[in-house]
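A short worksheet on the structure shown next.
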Amino acid sequence: AYDKAQKKLLSERRAFYRQFIKPSSLCFDIGANYGNRTSVFLDLQASVVAVEPQQKCYDFLMKKFSKNAFILKKGVAASSGFLDFFINEENSQVSTFSKDWIDELKQTRFASNEWNRTERIEVTTLDLLIAEYGEPQFIKIDVEGFEPEVLKGLSKKFQYLSFEYAIPEKMDNLIECLDILSSNYKNLYANYAVGEEPVLQLPKWILLSEMRKYIEQKPFVGTFAGDIYIKTNE
């Protein structure tokens, strides 16, 4: 039953991401973890740059995808250099560069989690990745509360991006992300998906300025977590 459910989810994800990703276009998977999105992007015949700071996830990605994708053992931040990375060995998906995010979510949804190791990790920026690999059709950002720092390092052209949100705890993060994008780009449009559901919630894309208001309204406030999707008006 588990396999069947996984297959169904995979095929739904492929159908969902097909609206953003054309064959032979370029995708960045920022915070690739064990590559569940990398594999979808490759299935859609995209070129993929997968960026992942955790050694065990990186080793897995190398083994599984290195023939078909560029795999970088790095983080992505506002500027290049080295940063402390807080590792949760039991639950790799919530390892993060953001101490604030840990402090806040440890009070709520991740109360039983321990971040038991810290590692110095090399970080790059989205702009540097674009300079090296080219303009991305799609940038997926899943970095556990570090999204604003990742977006601060982006000023070059892209077509679509997504970033994760967690509310109510990190509503401030979400607002900051939208404000960073507003200040760097004109004519951006937004939509969102809830949790892991591969479905856009709004019947049509709305201006980023409207999204900024929408996130404070009831239908959105109750969503708990998901991804914001952004497209450039081109």
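FYI, nothing fancy with the structure tokens labels: chains A, B, ... in order, residues from 1 per chain, ligands from 1 as they appear.
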Please tabulate, as a tab-separated table, the residues of stretch 19-107 of chain A that come within 10 Å of stretch 159-171 of chain A, each with its closest pair of atoms and the distance in Å to one decimal, counting only C-alpha atoms and ordering rows by chain, then residue number upward.
```
residue	atom	partner	partner_atom	distance
A:Phe20	CA	A:Tyr160	CA	6.7
A:Ile21	CA	A:Tyr160	CA	8.8
A:Cys27	CA	A:Leu161	CA	9.4
A:Phe28	CA	A:Leu161	CA	9.1
A:Ile30	CA	A:Phe163	CA	9.5
A:Asp100	CA	A:Lys170	CA	9.6
A:Trp101	CA	A:Lys170	CA	7.5
A:Glu104	CA	A:Glu169	CA	6.7
A:Leu105	CA	A:Glu169	CA	6.9
A:Gln107	CA	A:Glu169	CA	9.5
```
File of the preceding selection, C-alpha atoms, as a short mmCIF file (atom, residue, chain, number, x, y, z; two decimals), in the first residue's frame:
```
data_model
loop_
_atom_site.label_atom_id
_atom_site.label_comp_id
_atom_site.auth_asym_id
_atom_site.auth_seq_id
_atom_site.Cartn_x
_atom_site.Cartn_y
_atom_site.Cartn_z
CA PHE A 20 6.75 25.12 -14.41
CA ILE A 21 9.38 22.90 -16.01
CA CYS A 27 16.19 23.65 -12.24
CA PHE A 28 17.87 24.41 -8.91
CA ILE A 30 18.10 24.17 -2.95
CA ASP A 100 16.03 31.36 15.26
CA TRP A 101 13.91 28.85 13.40
CA GLU A 104 10.93 28.95 17.71
CA LEU A 105 9.79 25.59 16.33
CA GLN A 107 8.57 25.21 21.32
#
```
**OP:** Could you find all residues in stretch 79-180 of chain A that DSSP calls alpha helix (DSSP H) from the backbone, and write them as an MDAnalysis selection string?
**Re:** chainID A and resid 99:105 126:133 147:152 171:180
Subject >> Selection: 7 Å around stretch 5-19 of chain A, only C-alpha atoms, excl. self and same-chain fewer than 5 positions, as a ChimeraX atom specification >> reply: /A:40,44,198-199
**OP:** Skip A:Ala78 itself and residues of its chain fewer than 2 positions away, then list as a list in words all residues within 10 Å of it, counting only C-alpha atoms.
**Re:** Val76, Ser80, Gly81, Val123, Thr124, Thr125, Leu126, Asp127, Phe146, Glu147, Pro148, Glu149, Val150, Leu151, Lys152, Gly153 and Leu154 of chain A
Go ahead and dump the residues you just picked, all heavy atoms, as a short mmCIF file (atom, residue, chain, number, x, y, z; two decimals), in the first residue's frame.
```
data_model
loop_
_atom_site.label_atom_id
_atom_site.label_comp_id
_atom_site.auth_asym_id
_atom_site.auth_seq_id
_atom_site.Cartn_x
_atom_site.Cartn_y
_atom_site.Cartn_z
N VAL A 76 23.20 27.58 0.68
CA VAL A 76 22.97 28.81 -0.09
C VAL A 76 22.55 29.89 0.89
O VAL A 76 21.74 29.64 1.79
CB VAL A 76 21.88 28.59 -1.17
CG1 VAL A 76 21.60 29.87 -1.94
CG2 VAL A 76 22.31 27.49 -2.14
N SER A 80 28.50 34.54 -0.10
CA SER A 80 29.28 33.31 -0.02
C SER A 80 30.23 33.35 1.18
O SER A 80 30.57 34.42 1.68
CB SER A 80 30.06 33.09 -1.32
OG SER A 80 30.89 34.20 -1.56
N GLY A 81 30.64 32.18 1.65
CA GLY A 81 31.52 32.08 2.82
C GLY A 81 31.31 30.77 3.52
O GLY A 81 31.09 29.73 2.89
N VAL A 123 29.04 28.08 1.93
CA VAL A 123 27.79 28.55 1.31
C VAL A 123 28.09 29.39 0.07
O VAL A 123 29.11 30.07 -0.02
CB VAL A 123 26.90 29.36 2.29
CG1 VAL A 123 26.39 28.47 3.41
CG2 VAL A 123 27.64 30.57 2.87
N THR A 124 27.17 29.32 -0.88
CA THR A 124 27.24 30.14 -2.09
C THR A 124 25.95 30.96 -2.17
O THR A 124 25.17 30.97 -1.22
CB THR A 124 27.46 29.26 -3.33
OG1 THR A 124 27.62 30.10 -4.49
CG2 THR A 124 26.30 28.29 -3.58
N THR A 125 25.72 31.66 -3.28
CA THR A 125 24.47 32.41 -3.43
C THR A 125 23.76 31.95 -4.71
O THR A 125 24.38 31.38 -5.61
CB THR A 125 24.72 33.94 -3.57
OG1 THR A 125 25.35 34.19 -4.83
CG2 THR A 125 25.60 34.47 -2.44
N LEU A 126 22.46 32.25 -4.79
CA LEU A 126 21.73 31.94 -6.01
C LEU A 126 22.33 32.68 -7.21
O LEU A 126 22.45 32.11 -8.29
CB LEU A 126 20.24 32.29 -5.85
CG LEU A 126 19.43 31.31 -4.99
CD1 LEU A 126 18.02 31.85 -4.75
CD2 LEU A 126 19.35 29.92 -5.61
N ASP A 127 22.71 33.94 -7.01
CA ASP A 127 23.30 34.69 -8.13
C ASP A 127 24.59 34.04 -8.64
O ASP A 127 24.81 33.97 -9.86
CB ASP A 127 23.58 36.15 -7.71
CG ASP A 127 22.33 37.03 -7.81
OD1 ASP A 127 21.29 36.56 -8.34
OD2 ASP A 127 22.40 38.18 -7.34
N PHE A 146 15.54 29.31 6.64
CA PHE A 146 16.65 30.13 6.14
C PHE A 146 16.28 30.80 4.80
O PHE A 146 17.13 31.42 4.16
CB PHE A 146 17.89 29.25 5.98
CG PHE A 146 19.20 30.01 6.06
CD1 PHE A 146 19.55 30.74 7.19
CD2 PHE A 146 20.08 29.99 4.99
CE1 PHE A 146 20.76 31.43 7.26
CE2 PHE A 146 21.30 30.67 5.05
CZ PHE A 146 21.63 31.40 6.18
N GLU A 147 15.01 30.70 4.41
CA GLU A 147 14.57 31.21 3.10
C GLU A 147 14.91 32.68 2.86
O GLU A 147 15.38 33.02 1.77
CB GLU A 147 13.06 30.98 2.90
CG GLU A 147 12.62 29.54 2.86
CD GLU A 147 12.50 28.88 4.23
OE1 GLU A 147 12.55 29.60 5.27
OE2 GLU A 147 12.34 27.65 4.27
N PRO A 148 14.69 33.59 3.86
CA PRO A 148 15.02 34.99 3.58
C PRO A 148 16.49 35.18 3.18
O PRO A 148 16.80 35.95 2.26
CB PRO A 148 14.71 35.71 4.90
CG PRO A 148 13.69 34.85 5.57
CD PRO A 148 14.06 33.44 5.20
N GLU A 149 17.39 34.47 3.85
CA GLU A 149 18.83 34.61 3.55
C GLU A 149 19.14 34.11 2.14
O GLU A 149 19.97 34.69 1.44
CB GLU A 149 19.68 33.85 4.58
CG GLU A 149 19.59 34.41 5.99
CD GLU A 149 19.89 35.91 6.05
OE1 GLU A 149 21.00 36.31 5.60
OE2 GLU A 149 19.04 36.67 6.52
N VAL A 150 18.48 33.04 1.74
CA VAL A 150 18.67 32.51 0.38
C VAL A 150 18.19 33.53 -0.65
O VAL A 150 18.87 33.83 -1.63
CB VAL A 150 17.92 31.17 0.21
CG1 VAL A 150 17.99 30.69 -1.24
CG2 VAL A 150 18.50 30.10 1.14
N LEU A 151 17.02 34.12 -0.40
CA LEU A 151 16.45 35.08 -1.36
C LEU A 151 17.22 36.39 -1.42
O LEU A 151 17.23 37.06 -2.45
CB LEU A 151 14.97 35.34 -1.02
CG LEU A 151 14.03 34.15 -1.28
CD1 LEU A 151 12.63 34.45 -0.73
CD2 LEU A 151 13.96 33.79 -2.77
N LYS A 152 17.90 36.72 -0.32
CA LYS A 152 18.73 37.94 -0.34
C LYS A 152 19.88 37.82 -1.34
O LYS A 152 20.42 38.83 -1.79
CB LYS A 152 19.32 38.22 1.05
CG LYS A 152 18.34 38.86 2.01
CD LYS A 152 18.97 39.02 3.40
CE LYS A 152 17.92 39.33 4.45
NZ LYS A 152 18.47 39.18 5.82
N GLY A 153 20.25 36.60 -1.67
CA GLY A 153 21.35 36.39 -2.62
C GLY A 153 20.88 36.24 -4.06
O GLY A 153 21.63 35.76 -4.92
N LEU A 154 19.64 36.65 -4.34
CA LEU A 154 19.07 36.50 -5.69
C LEU A 154 18.67 37.85 -6.27
O LEU A 154 17.83 38.54 -5.71
CB LEU A 154 17.82 35.60 -5.63
CG LEU A 154 17.02 35.43 -6.92
CD1 LEU A 154 17.83 34.70 -8.00
CD2 LEU A 154 15.72 34.67 -6.66
#
```
Original post:
Which residue, A:Asn88, A:Lys156, A:Val194, A:Ile121, has the smallest gap to A:Glu135 when you use only C-alpha atoms?
Top reply: A:Lys156
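Running DSSP on the backbone gives strand (DSSP E) for these residues within stretch 44-103 of chain A: Ser47, Val48, Val49, Ala50, Val51, Phe70, Ile71, Leu72, Gly75, Val76, Gly81, Phe82, Leu83, Asp84, Phe85, Phe86 and Ile87 of chain A.
The gap separating atom CA of A:Leu129 from atom CA of A:Lys74 is 11.3 Å, in Å to one decimal.
Here atom CA of A:Phe220 is placed at a distance of 20.7 Å from atom CA of A:Lys140.
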Subject >> Residues within 7 Å of stretch 176-192 of chain A, only C-alpha atoms, excluding chain neighbours under 3 positions, as a PyMOL selection string >> reply: chain A and resi 147-148+151-152+155+172-173+200-202+205-208+211-212+227-233
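Of the listed residues (A:Gly35, A:Pro136, A:Pro23, A:Pro53), A:Pro53 comes nearest to A:Asp84; the distances count only C-alpha atoms.
Closest approach to A:Phe224 from the set A:Ser209, A:Glu196, A:Lys204, A:Asp43 is made by A:Glu196, with distances taken over only C-alpha atoms.
The space separating atom CA of A:Glu52 from atom CA of A:Asp3 comes to 25.8 Å.
Take the candidates A:Val51, A:Ile141, A:Ile215, A:Ala46 and check each one against A:Ser25 using only C-alpha atoms; the shortest distance goes to A:Ala46.
Using only C-alpha atoms, the smallest distance between any of A:Ile87, A:Cys57, A:Ala225, A:Val143 and A:Thr118 comes from A:Ile87.
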Subject >> For A:Ala77, the nearest of the candidates A:Asp103, A:Glu114, A:Glu122, A:Asp59, counting only C-alpha atoms >> reply: A:Glu122
Write out as a tab-separated table (two decimals) with N, CA, C and O atoms, in the first residue's frame the residues lying within 6 Å of stretch 65-72 of chain A, counting only C-alpha atoms and excluding same-chain residues fewer than 4 positions away.
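The resulting file, part_25.tsv, is shown below:
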```tsv
chain	number	residue	atom	x	y	z
A	48	VAL	N	19.47	19.54	-13.70
A	48	VAL	CA	19.28	19.86	-12.29
A	48	VAL	C	20.59	20.15	-11.59
A	48	VAL	O	21.58	19.42	-11.76
A	49	VAL	N	20.59	21.23	-10.81
A	49	VAL	CA	21.68	21.52	-9.87
A	49	VAL	C	21.07	21.32	-8.47
A	49	VAL	O	20.17	22.07	-8.07
A	50	ALA	N	21.54	20.28	-7.77
A	50	ALA	CA	21.01	19.97	-6.44
A	50	ALA	C	22.04	20.39	-5.39
A	50	ALA	O	23.19	19.99	-5.46
A	51	VAL	N	21.60	21.22	-4.45
A	51	VAL	CA	22.50	21.77	-3.43
A	51	VAL	C	22.07	21.26	-2.06
A	51	VAL	O	20.91	21.44	-1.66
A	61	LEU	N	22.65	11.42	-2.66
A	61	LEU	CA	22.38	12.11	-3.93
A	61	LEU	C	23.44	11.77	-4.98
A	61	LEU	O	23.13	11.54	-6.15
```
